[in-house]
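Chemist: After the structure tokens below, expect a handful of questions from me.
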Amino acid sequence: MSVQSSATVNVRTPLPPTSAGFTWGLAGVAAFSFTMPLTRVAVGGLTPLFIGSGRAVVAAILAGVALAATRQPLPAGTQWARIAVVAAGIVVGFPVLTSYALTVTPASHGAVVVALLPAATAVVAVLRTGERPARTFWLFSLAGAIAAVGFALLEGGGFGEARWADLLLFGAVLAAAIGYAEGGLLAREIGAWQTVSWALVLSSPLMLALAGVAVAGQAPSGTAAEWACFAYLSAVSMYLGFFAWYRGLAIGPMARVSQVQLVQPVMSICWAALLLGEHIGWLAFAGGLVIIACASGAVRTRLGLAADRR
């Protein structure tokens with residue numbers, strides 16, 4: 001499928017399903033799995049506001065170049081409002097909230113809480129599309145939410161700064177879930193990478209202003225390692241990773257490929273241990289397994305219903 005054809009309005013038919021869908025999806029998840037650990041490194045010298053907004057500015061520049069180079073048509077009508085919803089979720093909400101949260105909580109802790117994202121995305125998609133899944137779907141989703149909240153409370157050990165970090169992480173999950181669900185629907189009309197690119201470009205004035213505020217408050221002065229992490233977060237986590245992720249979803253089957261994201265928290269925890277030397281206790285592993293199991297059950301229930309309708 002050419003670049004121009006992928007931008008055609010009302011493109012709703014996925015590419016023929018092959019194992020390549022899972023391969024591309026796993027590549028995207030692998031790219032995203034470094035986000036938590038590398039954000040944890042970056043906030044050691046760069047402010048959370050600068051990281052959350054600055055990486056979006058850099059990604060928006062890349063997106064603008066890509067859109068201009070391929071001469072993509074402008075979105076039409078209400079598509080701009082839906083792009084704004086996507087931007088609010090994945091460009092503004094998730095990066096900024098996680099950046100602040102990771103100033104006071106380990107990357108492994110954040111990774112396990114964010115493990116709720118696949119189920120949260122499925123719930124938002126159900127509400128957005130009006131589907132009526134079986135009761136077991138809601139039971140799995142509720143169990144996953146309870147497990148995530150319980151892990152956050154037990155792992156943090158109190159109601160200090162870590163508790164605010166948990167609220168920020170749950171807010172980030174909700175923001176990303178809304179952005180993923182709306183972006184998935186919009187990608188059928190204007191294309192996958194185009195949706196992300198327009199969301200970045202649309203939000204660039206706000207993110208540039210926030211970056212300016214961050215620089216005015218404290219001039220960035222990170223180490224070489226911290227700047228390298230910022231570069232990865234800008235180019236890969238914020239932009240290029242979505243190329244592989246949405247390519248996998250486009251090849252499909254989308255519901256099955258989306259389950260690949262369930263391995264992301266496990267990968268993030270491993271990177272946190274290898275790169276940051278974080279101690280990964282039994283609670284993190286147990287919490288991760290419970291949340292992943294609940295999220296997997298919720299998504300598989302929804303997939304089963306979809307299969308029955310065909």
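Chains: A, B, ... in order of the structure tokens. Residues: from 1 per chain. Ligands: from 1, in order shown.
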For Met238 of chain A, work out the shell of residues within 12 Å, counting only C-alpha atoms and skipping chain neighbours fewer than 2 positions away, then give it as a PyMOL selection string.

Modeler: chain A and resi 28+31-32+34-35+39+51-63+87+90-92+94-96+193+196-197+199-200+230-236+240-243+245

Chemist: Neighbouring residues of segment 79-86 of chain A were defined as those with any atom within 8 Å, considering only C-alpha atoms; residues of the same chain fewer than 6 positions away were excluded. Please report them as a PyMOL selection string.

Modeler: chain A and resi 178-180+182-183+186+195-196+198-199+202-203

Chemist: Extract, using only C-alpha atoms, all DNA, RNA and protein residues at most 10 Å from Gly222 of chain A, discarding same-chain residues fewer than 6 positions from it, and format them as a short mmCIF file (atom, residue, chain, number, x, y, z; two decimals) with C-alpha atoms, in the first residue's frame.

Modeler:
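The resulting file, selection-v7.cif, is reproduced below:
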```
data_model
loop_
_atom_site.label_atom_id
_atom_site.label_comp_id
_atom_site.auth_asym_id
_atom_site.auth_seq_id
_atom_site.Cartn_x
_atom_site.Cartn_y
_atom_site.Cartn_z
CA ALA A 42 16.44 11.79 31.60
CA VAL A 43 14.62 13.29 34.61
CA GLY A 44 17.88 13.04 36.54
CA GLY A 45 19.06 16.26 34.91
CA LEU A 46 16.24 17.55 32.71
CA THR A 47 12.95 18.83 34.11
CA ALA A 228 20.83 10.70 24.57
CA PHE A 230 15.89 12.56 25.52
#
```

Chemist: Excluding His109 of chain A and its own-chain neighbours fewer than 6 positions away, which residues fall within 10 Å of it when counting only C-alpha atoms? Please give them as a ChimeraX atom specification.

Modeler: /A:36,102,151-152,155-156,165-166,169,265,268-269,272,280,283-284,287-288

Chemist: Would you please give, as a VMD selection string, all residues of segment 21-270 of chain A that DSSP assigns to alpha helix (DSSP H) based on the backbone?

Modeler: chain A and resid 21 to 32 35 to 42 48 to 69 79 to 86 94 to 101 107 to 113 117 to 129 135 to 156 161 to 190 192 to 217 224 to 232 241 to 251 254 to 258 264 to 270

Chemist: Tell me which protein, DNA and RNA residues are within 6 Å of segment 113-130 of chain A, counting only C-alpha atoms, leaving out same-chain ones fewer than 6 positions away, and put them as a list in words.

Modeler: Ala148, Val173, Ala177, Ala181, Pro265 and Ala295 of chain A

Chemist: Which residue gives the smallest distance to Val65 of chain A among A:Gly21, A:Val201, A:Met207, A:Arg188, with only C-alpha atoms counted?

Modeler: A:Val201

Chemist: Can you measure atom CA of Val213 of chain A to atom CA of Ser237 of chain A for me? One decimal in Å is fine.

Modeler: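 Here the two named atoms are 22.7 Å from each other.
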